[in-house]
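Novice: Below you'll find the structure I mean.
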Amino acid sequence: MTQLVDLPLPVGHYLTLPSGLRLHYLDEGQGPVVLWMHGSGPGASGYSNFKGNYPEFVAAGYRNIVLDLPGFGRSDKPDDGQYDLAFFVQTLQAFTRALGLTRCTVLGNSLGGAIALGLALAEPDLVEGLILLAPGGVEERETYFKMPGILRMVSLFGAGPIGMDEMRSMMSLQLFDPSILPEELLAERVAVAVTQPKNLFSTMMIPNMEARLGEINCPILGFWGSNDNFNPVSGAQRIVDGARKARFIVLNQCGHWVQVEHRELFNRSSLEFLRHG
C-alpha cells in the first residue's frame, strides 16, 4: 500500500469498512451532521476542496465529516477496482452505517455531487437535504467529455507524472480567475496525484440520473458558475425542472469551484439552507 504519511494534508480519522477498504475523513464540530464529498480530478481531497468552507460550518454549530473518497486524498486507492457510481454509493452506505449516522445533509461538488444524488436515491431516510455544487450525473457521459476541463484532466492523467505546471494547467480551468490559485493548493494536489492508480479515471462511470430526480423528496440547494469548464451549467435547469424541491444560485464570472470563488456567498447561503431548508 502506498505510504501517505508525507502528504501535505491534515491527518484526521481512519475507518476500515467490512470490505477492507480504509477511508480517511476529518470530523470537526458538534451538532447536525453535514457530510462533505469532493470532486474528481488528479490530486483531489476533501481538505483541498473545502478548507475555506467547513470551518465556518463548525463555528455555526454543525458536525462536519469531510471525506476523502476512495481513490483520493489519504483514503485507500485500490488499483483493481471499478470506480463507478454504484461503488461510490455502496461505499458511502457502508461508511455512514459504520459511523452510526441516521440523518445528515450531504454536500457534494462535481463527482461528489453525483454521488450525493445517488446516495439520496438509495438512502432517502438518511439524506435530509442536499447541497450541490455543479454536480455530475445529470448529463450523458458524451456531454461531459466534450468540456474543456474534462478533456484537459483526462489528457493529463494519461500522459504521465503530473507536476506543478501540469496541475496548474488543469486547475486554472477550474476557476474563472485562475490568478487566485494558491501554490499551496497545487502542491497538495500534486502530492496526492502521484499516488492515484490509472484505473481511477478509466473506470469512473457515472450514469445520467436526470430521469430519477423526481424520486428525491428532500430539499436541494445548488450552486453553479456560468463559466464552468467541467460540468455544463445547463445541469442546474435540469435539476430545477426534475426535482421536487430544488433551487439553484447561478453566478456569472464563476467557474467550477463556487465554494472557492464565492466563498462567503456559498457559506452564508448554505448555512441559511441548513437552518431553514
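Chain labels run A, B, ... following the order of the C-alpha cells; each chain numbers its residues from 1, and ligands are numbered from 1 in the order shown.
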What residues in range 10-224 of chain A get the DSSP label helix (DSSP H, G or I)? Please answer as an NGL selection string.
Specialist: :A and (46-50 or 54-59 or 85-99 or 111-122 or 141-144 or 148-159 or 164-171 or 178-180 or 183-193 or 199-202 or 210-215)
Novice: For the residues in the current selection, export C-alpha atoms as a PDB file, in the first residue's frame.
Specialist:
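Saved as part.pdb:
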ATOM      1  CA  GLY A  46     -11.775  16.716   0.960  1.00  0.00           C
ATOM      2  CA  TYR A  47      -9.428  19.193   2.608  1.00  0.00           C
ATOM      3  CA  SER A  48      -8.148  20.794  -0.609  1.00  0.00           C
ATOM      4  CA  ASN A  49     -11.719  21.195  -1.874  1.00  0.00           C
ATOM      5  CA  PHE A  50     -13.347  22.573   1.254  1.00  0.00           C
ATOM      6  CA  TYR A  54     -16.167  23.697   6.650  1.00  0.00           C
ATOM      7  CA  PRO A  55     -14.582  25.761   9.484  1.00  0.00           C
ATOM      8  CA  GLU A  56     -17.463  28.254   9.093  1.00  0.00           C
ATOM      9  CA  PHE A  57     -19.917  25.376   9.471  1.00  0.00           C
ATOM     10  CA  VAL A  58     -18.091  24.217  12.599  1.00  0.00           C
ATOM     11  CA  ALA A  59     -18.437  27.710  14.071  1.00  0.00           C
ATOM     12  CA  LEU A  85     -21.290   5.276  -9.218  1.00  0.00           C
ATOM     13  CA  ALA A  86     -22.507   2.006  -7.679  1.00  0.00           C
ATOM     14  CA  PHE A  87     -19.124   1.514  -5.986  1.00  0.00           C
ATOM     15  CA  PHE A  88     -19.095   5.029  -4.544  1.00  0.00           C
ATOM     16  CA  VAL A  89     -22.710   4.840  -3.313  1.00  0.00           C
ATOM     17  CA  GLN A  90     -22.160   1.418  -1.721  1.00  0.00           C
ATOM     18  CA  THR A  91     -19.002   2.772  -0.074  1.00  0.00           C
ATOM     19  CA  LEU A  92     -20.948   5.727   1.350  1.00  0.00           C
ATOM     20  CA  GLN A  93     -23.711   3.441   2.591  1.00  0.00           C
ATOM     21  CA  ALA A  94     -21.172   1.321   4.446  1.00  0.00           C
ATOM     22  CA  PHE A  95     -19.329   4.404   5.730  1.00  0.00           C
ATOM     23  CA  THR A  96     -22.431   6.098   7.148  1.00  0.00           C
ATOM     24  CA  ARG A  97     -23.583   2.849   8.771  1.00  0.00           C
ATOM     25  CA  ALA A  98     -20.166   2.324  10.354  1.00  0.00           C
ATOM     26  CA  LEU A  99     -20.275   5.858  11.792  1.00  0.00           C
ATOM     27  CA  LEU A 111     -18.287  13.894  -8.743  1.00  0.00           C
ATOM     28  CA  GLY A 112     -19.231  14.322  -5.084  1.00  0.00           C
ATOM     29  CA  GLY A 113     -22.495  15.916  -6.185  1.00  0.00           C
ATOM     30  CA  ALA A 114     -23.294  12.938  -8.414  1.00  0.00           C
ATOM     31  CA  ILE A 115     -22.586  10.588  -5.508  1.00  0.00           C
ATOM     32  CA  ALA A 116     -24.801  12.755  -3.271  1.00  0.00           C
ATOM     33  CA  LEU A 117     -27.668  12.349  -5.755  1.00  0.00           C
ATOM     34  CA  GLY A 118     -27.043   8.608  -5.935  1.00  0.00           C
ATOM     35  CA  LEU A 119     -26.971   8.316  -2.140  1.00  0.00           C
ATOM     36  CA  ALA A 120     -30.211  10.286  -1.805  1.00  0.00           C
ATOM     37  CA  LEU A 121     -31.874   7.880  -4.236  1.00  0.00           C
ATOM     38  CA  ALA A 122     -30.503   4.813  -2.422  1.00  0.00           C
ATOM     39  CA  ARG A 141     -21.227  10.968 -20.492  1.00  0.00           C
ATOM     40  CA  GLU A 142     -20.523  12.225 -24.018  1.00  0.00           C
ATOM     41  CA  THR A 143     -21.610  15.731 -22.993  1.00  0.00           C
ATOM     42  CA  TYR A 144     -19.117  15.896 -20.123  1.00  0.00           C
ATOM     43  CA  PRO A 148     -12.512  21.617 -21.979  1.00  0.00           C
ATOM     44  CA  GLY A 149     -11.794  20.910 -18.320  1.00  0.00           C
ATOM     45  CA  ILE A 150     -12.629  17.214 -18.597  1.00  0.00           C
ATOM     46  CA  LEU A 151     -10.572  16.918 -21.781  1.00  0.00           C
ATOM     47  CA  ARG A 152      -7.576  18.551 -20.070  1.00  0.00           C
ATOM     48  CA  MET A 153      -7.962  16.339 -16.978  1.00  0.00           C
ATOM     49  CA  VAL A 154      -8.096  13.116 -18.993  1.00  0.00           C
ATOM     50  CA  SER A 155      -5.156  14.055 -21.192  1.00  0.00           C
ATOM     51  CA  LEU A 156      -3.003  14.996 -18.211  1.00  0.00           C
ATOM     52  CA  PHE A 157      -3.736  11.849 -16.255  1.00  0.00           C
ATOM     53  CA  GLY A 158      -2.947   9.669 -19.250  1.00  0.00           C
ATOM     54  CA  ALA A 159       0.289  11.474 -20.143  1.00  0.00           C
ATOM     55  CA  MET A 164       3.183  21.722 -10.670  1.00  0.00           C
ATOM     56  CA  ASP A 165       2.980  23.061 -14.236  1.00  0.00           C
ATOM     57  CA  GLU A 166       0.645  20.285 -15.379  1.00  0.00           C
ATOM     58  CA  MET A 167      -1.548  20.695 -12.304  1.00  0.00           C
ATOM     59  CA  ARG A 168      -1.700  24.468 -12.815  1.00  0.00           C
ATOM     60  CA  SER A 169      -2.807  23.989 -16.437  1.00  0.00           C
ATOM     61  CA  MET A 170      -5.738  21.884 -15.268  1.00  0.00           C
ATOM     62  CA  MET A 171      -6.650  23.786 -12.124  1.00  0.00           C
ATOM     63  CA  PRO A 178      -7.046  31.498 -12.162  1.00  0.00           C
ATOM     64  CA  SER A 179      -4.864  34.184 -10.540  1.00  0.00           C
ATOM     65  CA  ILE A 180      -6.417  33.256  -7.185  1.00  0.00           C
ATOM     66  CA  GLU A 183       0.700  27.410  -4.860  1.00  0.00           C
ATOM     67  CA  GLU A 184      -0.084  25.551  -1.645  1.00  0.00           C
ATOM     68  CA  LEU A 185      -3.242  24.061  -3.172  1.00  0.00           C
ATOM     69  CA  LEU A 186      -1.366  22.955  -6.293  1.00  0.00           C
ATOM     70  CA  ALA A 187       1.305  21.290  -4.146  1.00  0.00           C
ATOM     71  CA  GLU A 188      -1.340  19.437  -2.117  1.00  0.00           C
ATOM     72  CA  ARG A 189      -2.880  18.039  -5.274  1.00  0.00           C
ATOM     73  CA  VAL A 190       0.409  17.132  -6.963  1.00  0.00           C
ATOM     74  CA  ALA A 191       1.414  15.119  -3.878  1.00  0.00           C
ATOM     75  CA  VAL A 192      -1.836  13.131  -3.980  1.00  0.00           C
ATOM     76  CA  ALA A 193      -1.877  12.705  -7.769  1.00  0.00           C
ATOM     77  CA  ASN A 199      -7.939   2.758 -13.279  1.00  0.00           C
ATOM     78  CA  LEU A 200      -9.398   5.510 -11.082  1.00  0.00           C
ATOM     79  CA  PHE A 201     -10.378   7.625 -14.063  1.00  0.00           C
ATOM     80  CA  SER A 202     -10.653   4.946 -16.756  1.00  0.00           C
ATOM     81  CA  GLU A 210     -31.940  13.076 -14.667  1.00  0.00           C
ATOM     82  CA  ALA A 211     -34.944  10.775 -15.156  1.00  0.00           C
ATOM     83  CA  ARG A 212     -34.885   9.828 -11.449  1.00  0.00           C
ATOM     84  CA  LEU A 213     -34.649  13.314  -9.952  1.00  0.00           C
ATOM     85  CA  GLY A 214     -38.392  13.312  -9.173  1.00  0.00           C
ATOM     86  CA  GLU A 215     -37.804  10.468  -6.713  1.00  0.00           C
TER      87      GLU A 215
END
Novice: Which is closer to Tyr83 in chain A than all the others in A:Ile249, A:Ile220, A:Leu15, A:Met204, using only C-alpha atoms?
Specialist: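 Looking only at the distances to Tyr83 in chain A, the closest residue turns out to be A:Met204.
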Novice: Ranking A:Lys245, A:Arg74, A:Arg268, A:Arg103 by minimum distance to Leu35 in chain A and counting only C-alpha atoms, which one comes first?
Specialist: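 Comparing A:Lys245, A:Arg74, A:Arg268, A:Arg103 against Leu35 in chain A, the winner is A:Arg103.
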Novice: Within 8 Å of Gly52 in chain A, counting only C-alpha atoms, which residues show up once you throw out same-chain ones fewer than 4 positions away? Write them as a PDB file with C-alpha atoms, in the first residue's frame, please.
Specialist:
ATOM      1  CA  GLU A  56     -17.463  28.254   9.093  1.00  0.00           C
ATOM      2  CA  GLN A 259     -17.066  27.431  -2.885  1.00  0.00           C
ATOM      3  CA  VAL A 260     -13.638  28.930  -3.642  1.00  0.00           C
ATOM      4  CA  ARG A 263     -16.679  31.543  -0.562  1.00  0.00           C
TER       5      ARG A 263
END
Novice: Could you pull out the strand (DSSP E) residues of range 30-214 of chain A, going by DSSP on the backbone, and write them as a list in words?
Specialist: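 In range 30-214 of chain A, DSSP puts these residues in strand (DSSP E): Val33, Val34, Leu35, Trp36, Met37, Arg63, Asn64, Ile65, Val66, Leu67, Asp68, Cys104, Thr105, Val106, Leu107, Gly108, Asn109, Val127, Glu128, Gly129, Leu130, Ile131, Leu132 and Leu133 of chain A.
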Novice: Please dump the current selection as a CSV table (one decimal), in the first residue's frame; keep C-alpha atoms.
Specialist:
chain,number,residue,atom,x,y,z
A,33,VAL,CA,-24.2,16.3,10.5
A,34,VAL,CA,-23.0,17.7,7.2
A,35,LEU,CA,-21.2,15.1,5.0
A,36,TRP,CA,-18.8,16.7,2.5
A,37,MET,CA,-17.8,15.0,-0.7
A,63,ARG,CA,-20.7,18.4,12.8
A,64,ASN,CA,-18.7,18.2,9.6
A,65,ILE,CA,-17.5,14.9,8.2
A,66,VAL,CA,-15.1,15.8,5.3
A,67,LEU,CA,-14.4,12.6,3.5
A,68,ASP,CA,-11.6,11.6,1.2
A,104,CYS,CA,-27.4,14.1,7.5
A,105,THR,CA,-27.2,16.8,4.9
A,106,VAL,CA,-25.0,15.7,2.0
A,107,LEU,CA,-22.8,18.3,0.4
A,108,GLY,CA,-21.1,17.4,-2.9
A,109,ASN,CA,-19.1,19.1,-5.6
A,127,VAL,CA,-30.3,12.2,3.4
A,128,GLU,CA,-32.4,15.1,4.9
A,129,GLY,CA,-31.0,17.7,2.4
A,130,LEU,CA,-28.6,18.1,-0.5
A,131,ILE,CA,-26.2,21.0,-1.1
A,132,LEU,CA,-24.8,20.5,-4.6
A,133,LEU,CA,-22.0,22.4,-6.4
Novice: I'd like to know which of A:Gln196, A:Leu181, A:Phe248, A:Val240 is closest to Ser45 in chain A, using only C-alpha atoms.
Specialist: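 Looking at the shortest contact to Ser45 in chain A, the residue is A:Gln196.
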